[in-house]
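**Q** So here's upload25.txt, just compact mmCIF, C-alpha atoms and all ligand atoms:
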```txt
# COMPACT_ATOMS: atom_id res chain seq x y z
CA MET A 1314 65.32 7.35 30.29
CA HIS A 1315 66.29 7.55 33.92
CA LYS A 1316 65.17 4.55 35.97
CA ARG A 1317 63.91 5.39 39.46
CA LEU A 1318 66.02 3.37 41.89
CA PHE A 1319 64.24 0.85 44.09
CA ILE A 1320 67.52 -0.95 44.71
CA PRO A 1321 69.13 -0.99 48.18
CA GLY A 1322 71.78 1.51 47.26
CA PRO A 1323 72.46 3.79 45.69
CA THR A 1324 68.97 5.11 46.17
CA GLU A 1325 67.07 7.77 44.25
CA VAL A 1326 68.51 11.26 44.81
CA ARG A 1327 66.29 14.35 44.69
CA LYS A 1328 67.19 17.15 42.29
CA SER A 1329 67.65 19.70 45.06
CA ILE A 1330 70.29 17.45 46.64
CA LEU A 1331 72.12 17.15 43.32
CA GLU A 1332 71.98 20.93 43.11
CA ALA A 1333 73.45 21.28 46.60
CA MET A 1334 76.37 19.20 45.35
CA ALA A 1335 76.99 21.83 42.71
CA THR A 1336 77.63 24.58 45.28
CA PRO A 1337 80.77 26.56 44.29
CA MET A 1338 83.93 25.14 45.84
CA ILE A 1339 85.67 26.33 49.00
CA GLY A 1340 88.94 25.31 50.61
CA HIS A 1341 88.86 22.62 53.26
CA ARG A 1342 90.96 24.78 55.58
CA PHE A 1343 88.71 27.84 55.15
CA PRO A 1344 86.56 29.07 58.05
CA GLU A 1345 83.55 28.57 55.74
CA PHE A 1346 84.34 24.89 55.68
CA ASP A 1347 84.64 24.63 59.46
CA GLU A 1348 81.22 26.22 59.72
CA LEU A 1349 79.71 23.82 57.20
CA PHE A 1350 81.35 20.82 58.86
CA LYS A 1351 80.20 21.80 62.35
CA SER A 1352 76.67 22.36 61.13
CA THR A 1353 76.59 18.95 59.43
CA VAL A 1354 78.11 17.10 62.38
CA GLU A 1355 75.64 18.58 64.86
CA LYS A 1356 72.75 17.53 62.66
CA VAL A 1357 74.05 13.97 62.39
CA GLN A 1358 74.40 13.87 66.19
CA LYS A 1359 70.76 14.85 66.47
CA LEU A 1360 69.74 12.17 63.97
CA LEU A 1361 71.55 9.55 66.05
CA TYR A 1362 70.51 10.82 69.49
CA THR A 1363 74.15 11.06 70.49
CA LYS A 1364 76.84 13.36 71.81
CA ASN A 1365 79.53 11.11 70.39
CA VAL A 1366 82.18 12.26 67.95
CA ILE A 1367 80.97 12.11 64.34
CA PHE A 1368 83.49 11.14 61.70
CA VAL A 1369 82.69 12.18 58.16
CA SER A 1370 84.76 10.08 55.82
CA THR A 1371 85.38 10.48 52.12
CA SER A 1372 85.09 6.80 51.36
CA SER A 1373 82.33 4.29 51.08
CA SER A 1374 81.05 2.61 54.26
CA THR A 1375 83.52 -0.24 53.90
CA GLY A 1376 86.35 2.20 54.60
CA LEU A 1377 84.93 3.03 58.01
CA MET A 1378 84.30 -0.67 58.68
CA GLU A 1379 88.01 -1.23 58.12
CA GLY A 1380 88.79 1.78 60.30
CA ALA A 1381 86.67 0.38 63.11
CA MET A 1382 88.32 -3.04 62.94
CA ARG A 1383 91.80 -1.50 62.95
CA ASN A 1384 91.15 0.99 65.75
CA CYS A 1385 88.96 -1.01 68.13
CA VAL A 1386 90.17 -4.62 68.19
CA SER A 1387 93.28 -5.69 70.10
CA LYS A 1388 92.40 -9.16 71.35
CA ARG A 1389 89.68 -10.93 69.35
CA VAL A 1390 86.48 -9.84 67.66
CA LEU A 1391 83.21 -11.73 67.56
CA SER A 1392 81.56 -11.21 64.17
CA CYS A 1393 77.85 -11.90 63.99
CA VAL A 1394 77.29 -13.30 60.49
CA ASN A 1395 73.88 -13.73 58.85
CA GLY A 1396 74.47 -12.42 55.33
CA ALA A 1397 76.93 -10.89 52.91
CA PHE A 1398 77.67 -7.65 54.71
CA SER A 1399 78.04 -9.15 58.16
CA LYS A 1400 80.46 -11.61 56.55
CA ARG A 1401 82.37 -8.62 55.22
CA TRP A 1402 83.08 -7.44 58.79
CA ALA A 1403 84.81 -10.77 59.49
CA GLN A 1404 86.75 -10.65 56.22
CA ILE A 1405 87.96 -7.14 57.03
CA ALA A 1406 89.13 -8.32 60.46
CA GLU A 1407 91.12 -11.14 58.85
CA ALA A 1408 92.54 -8.91 56.13
CA ASN A 1409 93.88 -6.64 58.88
CA GLY A 1410 95.46 -9.48 60.82
CA LYS A 1411 92.89 -9.47 63.64
CA GLU A 1412 91.77 -12.58 65.49
CA VAL A 1413 88.13 -13.23 64.64
CA ASP A 1414 85.42 -15.79 65.43
CA ARG A 1415 82.21 -15.93 63.46
CA LEU A 1416 78.90 -16.35 65.22
CA GLU A 1417 77.03 -17.62 62.21
CA VAL A 1418 73.35 -18.25 61.63
CA GLU A 1419 71.54 -19.22 58.46
CA TRP A 1420 70.97 -16.37 55.97
CA GLY A 1421 67.52 -14.91 56.52
CA LYS A 1422 67.70 -15.41 60.28
CA ALA A 1423 68.67 -12.89 62.92
CA VAL A 1424 71.51 -13.44 65.39
CA LYS A 1425 69.79 -13.60 68.78
CA PRO A 1426 70.92 -11.80 71.94
CA GLU A 1427 71.31 -15.01 73.95
CA MET A 1428 73.72 -16.42 71.32
CA ILE A 1429 75.88 -13.33 71.73
CA ASP A 1430 75.70 -13.59 75.52
CA GLU A 1431 76.90 -17.23 75.37
CA LYS A 1432 79.93 -16.20 73.32
CA LEU A 1433 80.87 -13.08 75.27
CA LYS A 1434 80.67 -15.00 78.57
CA THR A 1435 83.88 -16.78 77.56
CA GLY A 1436 85.77 -13.51 78.01
CA LYS A 1437 87.64 -14.15 74.75
CA TYR A 1438 86.48 -11.00 73.00
CA ASP A 1439 87.18 -7.30 73.24
CA ALA A 1440 84.90 -6.30 70.37
CA ILE A 1441 81.82 -7.45 68.52
CA SER A 1442 80.59 -6.60 65.02
CA LEU A 1443 76.97 -6.60 63.97
CA VAL A 1444 74.98 -5.54 60.93
CA LEU A 1445 71.80 -3.81 62.01
CA ASN A 1446 70.08 -4.12 58.65
CA GLU A 1447 71.41 -7.04 56.57
CA THR A 1448 70.80 -5.70 53.07
CA SER A 1449 71.45 -9.08 51.45
CA THR A 1450 68.63 -10.81 53.34
CA GLY A 1451 66.31 -8.04 54.57
CA VAL A 1452 66.87 -8.94 58.22
CA TYR A 1453 66.82 -6.29 60.95
CA ALA A 1454 68.73 -7.22 64.10
CA PRO A 1455 67.00 -7.15 67.51
CA ILE A 1456 69.18 -4.22 68.46
CA ALA A 1457 67.50 -3.21 71.74
CA GLU A 1458 67.79 -6.74 73.15
CA ILE A 1459 71.38 -7.10 71.93
CA ALA A 1460 72.23 -3.72 73.47
CA GLU A 1461 70.89 -5.02 76.81
CA VAL A 1462 73.29 -7.96 76.61
CA MET A 1463 76.17 -5.67 75.69
CA LYS A 1464 75.63 -3.68 78.90
CA LYS A 1465 76.87 -6.75 80.81
CA TYR A 1466 80.20 -6.45 78.98
CA PRO A 1467 81.40 -2.87 79.34
CA ASP A 1468 84.90 -3.73 78.13
CA VAL A 1469 83.69 -5.05 74.79
CA ILE A 1470 83.50 -2.54 71.93
CA PHE A 1471 80.11 -2.69 70.20
CA MET A 1472 80.50 -2.02 66.44
CA VAL A 1473 77.38 -1.70 64.31
CA ASP A 1474 77.05 -1.42 60.54
CA ALA A 1475 73.88 0.61 60.02
CA VAL A 1476 74.68 1.29 56.37
CA SER A 1477 71.27 0.59 54.87
CA CYS A 1478 69.05 1.90 57.66
CA MET A 1479 70.68 4.96 59.24
CA ALA A 1480 68.42 7.97 58.51
CA GLY A 1481 65.60 5.52 57.86
CA THR A 1482 65.15 4.07 61.33
CA LYS A 1483 65.57 5.37 64.85
CA ILE A 1484 68.98 4.50 66.25
CA GLU A 1485 69.37 5.92 69.75
CA VAL A 1486 73.12 5.54 69.91
CA ASP A 1487 73.75 6.81 73.46
CA LYS A 1488 70.84 4.92 74.97
CA LEU A 1489 71.86 1.71 73.21
CA GLY A 1490 75.51 2.18 74.12
CA ILE A 1491 76.82 1.61 70.60
CA ASP A 1492 80.55 2.41 70.37
CA VAL A 1493 80.87 2.57 66.60
CA VAL A 1494 77.91 2.96 64.27
CA LEU A 1495 78.52 3.74 60.63
CA ALA A 1496 76.74 4.24 57.33
CA GLY A 1497 77.29 5.38 53.78
CA VAL A 1498 75.18 8.25 52.49
CA GLN A 1499 73.99 6.47 49.33
CA LYS A 1500 71.31 4.42 51.08
CA ALA A 1501 68.69 5.77 53.50
CA PHE A 1502 70.32 9.22 53.46
CA ALA A 1503 69.54 9.34 49.72
CA LEU A 1504 72.71 11.11 48.62
CA PRO A 1505 75.05 10.15 45.80
CA PRO A 1506 77.68 7.58 46.90
CA GLY A 1507 81.10 8.68 48.11
CA LEU A 1508 80.76 9.72 51.74
CA ALA A 1509 80.34 7.77 54.97
CA VAL A 1510 79.59 8.82 58.54
CA ALA A 1511 80.18 7.21 61.93
CA ALA A 1512 79.49 8.01 65.57
CA ILE A 1513 82.38 6.97 67.82
CA SER A 1514 82.07 6.67 71.61
CA LYS A 1515 84.62 7.83 74.18
CA LYS A 1516 85.22 4.19 74.99
CA ALA A 1517 86.14 3.45 71.37
CA MET A 1518 88.43 6.49 71.25
CA GLU A 1519 90.17 5.35 74.46
CA LYS A 1520 90.57 1.90 72.95
CA ALA A 1521 92.22 3.32 69.83
CA LYS A 1522 94.89 4.91 72.04
CA ILE A 1523 96.26 1.53 73.14
CA ILE A 1524 96.23 0.01 69.66
CA LYS A 1525 99.23 -0.11 67.37
CA ASN A 1526 98.99 -0.05 63.58
CA ARG A 1527 95.75 1.83 63.31
CA GLY A 1528 96.59 2.52 59.70
CA TYR A 1529 96.90 5.97 58.17
CA TYR A 1530 93.72 7.07 56.37
CA PHE A 1531 91.36 5.85 59.10
CA ASP A 1532 93.44 6.51 62.21
CA PHE A 1533 90.74 7.52 64.70
CA LEU A 1534 93.17 9.55 66.80
CA VAL A 1535 94.23 11.68 63.85
CA MET A 1536 90.62 12.00 62.67
CA LYS A 1537 89.66 13.18 66.15
CA LYS A 1538 92.48 15.74 66.22
CA TYR A 1539 91.08 17.36 63.10
CA TYR A 1540 87.48 16.86 64.16
CA ASP A 1541 88.23 19.06 67.17
CA LYS A 1542 88.87 21.88 64.65
CA TRP A 1543 85.81 20.93 62.54
CA GLU A 1544 88.04 19.55 59.81
CA THR A 1545 89.23 16.28 58.32
CA PRO A 1546 92.86 15.10 58.01
CA ALA A 1547 92.78 14.86 54.20
CA THR A 1548 90.72 16.75 51.62
CA PRO A 1549 87.11 15.61 51.94
CA SER A 1550 84.41 15.58 49.28
CA ILE A 1551 83.20 19.06 50.13
CA SER A 1552 80.38 18.76 47.59
CA HIS A 1553 79.00 15.78 49.48
CA ILE A 1554 79.15 17.64 52.76
CA TYR A 1555 77.11 20.50 51.27
CA ALA A 1556 74.56 17.92 50.13
CA LEU A 1557 74.53 16.11 53.48
CA ASP A 1558 74.03 19.36 55.35
CA LYS A 1559 71.07 20.22 53.13
CA GLN A 1560 69.62 16.72 53.36
CA MET A 1561 69.86 16.77 57.16
CA SER A 1562 67.89 20.02 57.24
CA ASP A 1563 65.28 18.49 54.94
CA ILE A 1564 65.12 15.42 57.18
CA PHE A 1565 64.38 17.56 60.23
CA GLU A 1566 61.79 19.44 58.23
CA GLU A 1567 60.02 16.16 57.54
CA GLY A 1568 60.52 15.29 61.20
CA LEU A 1569 62.54 12.31 62.43
CA ASP A 1570 59.52 10.41 63.70
CA ASN A 1571 57.61 11.06 60.48
CA ARG A 1572 60.57 9.84 58.48
CA PHE A 1573 60.94 6.65 60.51
CA LYS A 1574 57.18 6.04 60.37
CA ARG A 1575 57.18 6.51 56.58
CA HIS A 1576 59.81 3.80 56.24
CA LEU A 1577 57.85 1.39 58.44
CA LYS A 1578 54.67 2.04 56.46
CA MET A 1579 56.35 1.48 53.10
CA ALA A 1580 57.88 -1.77 54.41
CA GLU A 1581 54.56 -3.00 55.75
CA TYR A 1582 52.82 -2.09 52.51
CA THR A 1583 55.42 -4.02 50.50
CA ARG A 1584 55.20 -7.09 52.75
CA ASN A 1585 51.40 -7.11 52.57
CA TRP A 1586 51.55 -6.78 48.82
CA ALA A 1587 53.94 -9.77 48.66
CA LYS A 1588 51.76 -11.86 50.94
CA GLU A 1589 48.59 -11.10 49.00
CA ARG A 1590 50.30 -12.20 45.78
CA GLY A 1591 51.31 -15.53 47.35
CA PHE A 1592 54.95 -14.67 47.94
CA THR A 1593 56.79 -15.36 51.21
CA MET A 1594 59.46 -13.28 52.89
CA PHE A 1595 63.06 -14.47 52.94
CA SER A 1596 63.61 -12.71 56.26
CA GLU A 1597 62.62 -14.37 59.52
CA GLU A 1598 59.23 -13.43 60.98
CA GLY A 1599 59.58 -10.61 63.49
CA HIS A 1600 62.89 -9.44 62.00
CA HIS A 1601 61.83 -7.82 58.74
CA SER A 1602 63.80 -4.80 57.60
CA PRO A 1603 62.07 -1.42 57.48
CA THR A 1604 64.17 -0.27 54.51
CA VAL A 1605 64.51 -3.27 52.18
CA SER A 1606 62.22 -6.24 51.58
CA CYS A 1607 63.82 -9.51 50.51
CA ILE A 1608 61.08 -11.63 48.95
CA ASN A 1609 61.26 -15.31 47.95
CA ASN A 1610 60.71 -15.65 44.22
CA THR A 1611 58.16 -18.41 44.72
CA LYS A 1612 56.69 -17.80 41.27
CA GLY A 1613 60.07 -18.44 39.69
CA PHE A 1614 59.91 -15.61 37.16
CA LYS A 1615 63.14 -14.23 35.71
CA ILE A 1616 64.07 -11.14 37.65
CA GLY A 1617 65.82 -9.84 34.54
CA ASP A 1618 62.48 -10.02 32.70
CA LEU A 1619 60.77 -8.04 35.43
CA ASN A 1620 63.47 -5.40 35.32
CA ALA A 1621 63.26 -5.22 31.53
CA PHE A 1622 59.53 -4.58 31.94
CA LEU A 1623 60.08 -2.03 34.71
CA ALA A 1624 62.73 -0.25 32.65
CA LYS A 1625 60.01 0.73 30.19
CA LYS A 1626 58.12 2.34 33.08
CA GLY A 1627 61.30 4.01 34.34
CA ALA A 1628 62.03 1.93 37.44
CA VAL A 1629 64.39 -0.82 38.62
CA ILE A 1630 64.44 -3.24 41.56
CA SER A 1631 67.18 -5.59 42.72
CA ASN A 1632 67.74 -9.29 42.29
CA GLY A 1633 68.88 -11.41 45.21
CA TYR A 1634 72.40 -11.04 46.55
CA GLY A 1635 75.06 -13.55 45.44
CA ILE A 1636 73.76 -17.09 45.87
CA LEU A 1637 70.20 -15.73 46.22
CA LYS A 1638 70.37 -14.05 42.80
CA GLU A 1639 67.30 -15.70 41.20
CA LYS A 1640 65.85 -17.13 44.43
CA THR A 1641 64.86 -13.80 45.91
CA PHE A 1642 64.24 -10.28 44.74
CA ARG A 1643 64.73 -7.16 46.79
CA ILE A 1644 62.69 -4.01 46.83
CA ALA A 1645 64.18 -1.05 48.63
CA HIS A 1646 61.87 1.46 50.28
CA MET A 1647 64.30 3.87 51.79
CA GLY A 1648 65.60 7.38 51.67
CA ASP A 1649 63.29 9.87 50.04
CA THR A 1650 61.09 7.26 48.37
CA GLN A 1651 57.45 7.96 49.15
CA MET A 1652 54.43 5.71 49.58
CA SER A 1653 53.09 6.93 46.22
CA ASN A 1654 56.28 5.67 44.55
CA MET A 1655 55.76 2.25 46.17
CA GLU A 1656 52.12 2.11 45.04
CA GLU A 1657 53.18 2.88 41.49
CA LEU A 1658 56.01 0.33 41.51
CA LEU A 1659 53.91 -2.50 42.92
CA TYR A 1660 51.14 -1.69 40.44
CA TRP A 1661 53.68 -2.16 37.63
CA ILE A 1662 54.94 -5.42 39.12
CA ASP A 1663 51.33 -6.64 39.24
CA GLU A 1664 51.00 -5.77 35.59
CA PHE A 1665 54.12 -7.85 34.86
CA LEU A 1666 52.90 -10.80 36.95
CA SER A 1667 49.49 -10.88 35.28
CA LYS A 1668 51.04 -11.35 31.84
C1 LIG B 1701 75.88 -1.29 51.07
C2 LIG B 1701 76.29 -1.91 52.34
C3 LIG B 1701 77.63 -1.95 52.75
C4 LIG B 1701 78.75 -1.50 51.87
O1 LIG B 1701 78.69 -0.15 51.72
P1 LIG B 1701 79.72 0.64 50.76
O2 LIG B 1701 79.25 2.04 50.99
O3 LIG B 1701 79.48 0.13 49.39
O4 LIG B 1701 81.08 0.38 51.25
C5 LIG B 1701 77.93 -2.47 53.98
N1 LIG B 1701 76.96 -2.94 54.79
C6 LIG B 1701 75.66 -2.91 54.43
C7 LIG B 1701 74.65 -3.44 55.38
C8 LIG B 1701 75.29 -2.40 53.21
O5 LIG B 1701 74.00 -2.38 52.86
```
Could you render the structure from this file as structure tokens?

**A**
Amino acid sequence: MHKRLFIPGPTEVRKSILEAMATPMIGHRFPEFDELFKSTVEKVQKLLYTKNVIFVSTSSSTGLMEGAMRNCVSKRVLSCVNGAFSKRWAQIAEANGKEVDRLEVEWGKAVKPEMIDEKLKTGKYDAISLVLNETSTGVYAPIAEIAEVMKKYPDVIFMVDAVSCMAGTKIEVDKLGIDVVLAGVQKAFALPPGLAVAAISKKAMEKAKIIKNRGYYFDFLVMKKYYDKWETPATPSISHIYALDKQMSDIFEEGLDNRFKRHLKMAEYTRNWAKERGFTMFSEEGHHSPTVSCINNTKGFKIGDLNAFLAKKGAVISNGYGILKEKTFRIAHMGDTQMSNMEELLYWIDEFLSK
């Protein structure tokens, strides 16, 4: 039996999206492809409230994270670390021979704007990396306040991993002044894994021009050259692009504000459920994620037992990430998951807890 995915990626994919992936194949240098690509890109721009270049990458999100580090850092990057994925940014910087400092806070906490200001004041950095929605801890960064700080440092490239919230929350890229914002489509976009998207500012593109060793697969200048013809340098997953184009249309049909509101409601519902059952949130008050709830397992049940129970109902949630494996459990409420799905899931979890 198929288990409905309440894990923070991949998320549940609707049948009509899977069907869009089965569209008969075309060549990636055909005019039909250029048309499809242009259509998709323009929709993603609308989703992100931006006129920036949109890269569509046949890779997972991590590929574009590496691309950003390679193309946008020449001096030293400040990596804001408050969980597993923000740590990954720093590891990618190191693996690519970049100078990196970690601005680290305890897992479950958010990195605050004034901490970033303190660090950037030193003038040591030409880029900063941030995870908007830390999937390992359920923490959502205070992005508007951080963006305000970033406006004081126009020479610093602002790189944001929005992997597990893009298409689930409002990210006004141009207004916020984000230079690189990226995501994989297997999370709040609710597509099968294998494609990633990013919006890249003019400033980031200019930066790439002065950087040596940008790599080959993720060279922003080459990607831009092809983007200008509505194409990609290498053969993309055309099937994914068909699915993304369809999903974007469906998203606009729902309405962006409705979609973002739905995510907030599901998150609130999940947090209230947790609170009423005597659980506490792992994420800091005021910084809870709208797409994934990370809940302290204060009752100490075995998460494997819960999932074995849920499997019989046809559902699955996630245990904690890494060191938090048994200490927390995570419930994703993102993508095309509806409130009715959440009600059903939490009803089943209640049934498990009452045993
Ligand atoms: C899932 C996730 C990633 C990694 O994405 P891949 O598509 O597996 O490379 C990075 N950052 C965050 C916040 C994530 O949730």

**Q** Just give me the gap between CA of Ser1442 in chain A and CA of Ala1460 in chain A in Å, one decimal is fine.

**A**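 Going from CA of Ser1442 in chain A over to CA of Ala1460 in chain A covers 12.2 Å.
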
**Q** Compare A:Ala1521, A:Met1338, A:Leu1489, A:Met1561 by their minimum atom-to-atom distance to Val1354 in chain A, counting only C-alpha atoms, and give me the closest one.

**A** A:Met1561

**Q** Please identify the residues whose atoms come within 8 Å of ligand LIG 1701 (chain B), using all atoms listed in the file, and report them as a list in words.

**A** Pro1321, Gly1322, Ser1372, Ser1373, Ser1374, Thr1375, Gly1376, Phe1398, Ser1399, Arg1401, Val1444, Leu1445, Asn1446, Glu1447, Thr1448, Ser1449, Asp1474, Ala1475, Val1476, Ser1477, Ala1496, Gly1497, Val1498, Gln1499, Lys1500, Pro1506, Gly1507, Leu1508 and Ala1509 of chain A

**Q** Any idea what's packed within 10 Å of Gly1613 in chain A, counting all atoms listed in the file, ignoring anything in its chain fewer than 4 positions away? Could you give it as a PyMOL selection string?

**A** chain A and resi 1609+1639-1641

**Q** Keeping C-alpha atoms, export the residues of the selection given above as a PDB file, in the coordinates of the input.

**A**
```pdb
ATOM      1  CA  ASN A1609      61.260 -15.310  47.950  1.00  0.00           C
ATOM      2  CA  GLU A1639      67.300 -15.700  41.200  1.00  0.00           C
ATOM      3  CA  LYS A1640      65.850 -17.130  44.430  1.00  0.00           C
ATOM      4  CA  THR A1641      64.860 -13.800  45.910  1.00  0.00           C
TER       5      THR A1641
END
```

**Q** Taking all listed atoms of range 1567-1583 of chain A, build the axis-aligned box, pad each of the six sides by 6 Å, then write its centre and edge lengths in Å to one decimal as JSON.

**A**
```
{"center_x": 57.7, "center_y": 6.1, "center_z": 57.1, "size_x": 21.7, "size_y": 32.2, "size_z": 25.2}
```

**Q** Residues at most 7 Å from range 1364-1368 of chain A, counting all atoms listed in the file, excluding those fewer than 3 positions away in the same chain, as a list in words?

**A**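 Here the answer would be Val1354, Gln1358, Val1510, Ala1511, Ala1512, Ile1513 and Ser1514 of chain A.
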
**Q** Given the selection you just returned, output its residues as a file containing C-alpha atoms, formatted as an mmCIF file, in the frame of the given file.

**A**
```
data_model
loop_
_atom_site.group_PDB
_atom_site.id
_atom_site.type_symbol
_atom_site.label_atom_id
_atom_site.label_comp_id
_atom_site.auth_asym_id
_atom_site.auth_seq_id
_atom_site.Cartn_x
_atom_site.Cartn_y
_atom_site.Cartn_z
ATOM 1 C CA VAL A 1354 78.110 17.100 62.380
ATOM 2 C CA GLN A 1358 74.400 13.870 66.190
ATOM 3 C CA VAL A 1510 79.590 8.820 58.540
ATOM 4 C CA ALA A 1511 80.180 7.210 61.930
ATOM 5 C CA ALA A 1512 79.490 8.010 65.570
ATOM 6 C CA ILE A 1513 82.380 6.970 67.820
ATOM 7 C CA SER A 1514 82.070 6.670 71.610
#
```

**Q** Calculate how many Å separate CA of Thr1363 in chain A from CA of Met1382 in chain A, rounding to one decimal.

**A**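 If I compute the distance from CA of Thr1363 in chain A to CA of Met1382 in chain A, I get 21.4 Å.
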
**Q** Of the residues A:Ser1329, A:Asn1384, A:Thr1583, A:Ser1653, which is the one nearest to Lys1516 in chain A, using only C-alpha atoms?

**A** A:Asn1384

**Q** With distances taken over only C-alpha atoms, which residue among A:Ile1551, A:Met1378, A:His1600, A:Phe1665 lies nearest Asn1620 in chain A?

**A** A:Phe1665

**Q** How many Å lie between CA of Cys1478 in chain A and CA of Asp1618 in chain A, rounded to one decimal?

**A** 28.4 Å

**Q** With distances taken over all atoms listed in the file, which residue among A:Ala1408, A:Leu1619, A:Ala1335, A:Leu1443 lies nearest Lys1425 in chain A?

**A** A:Leu1443
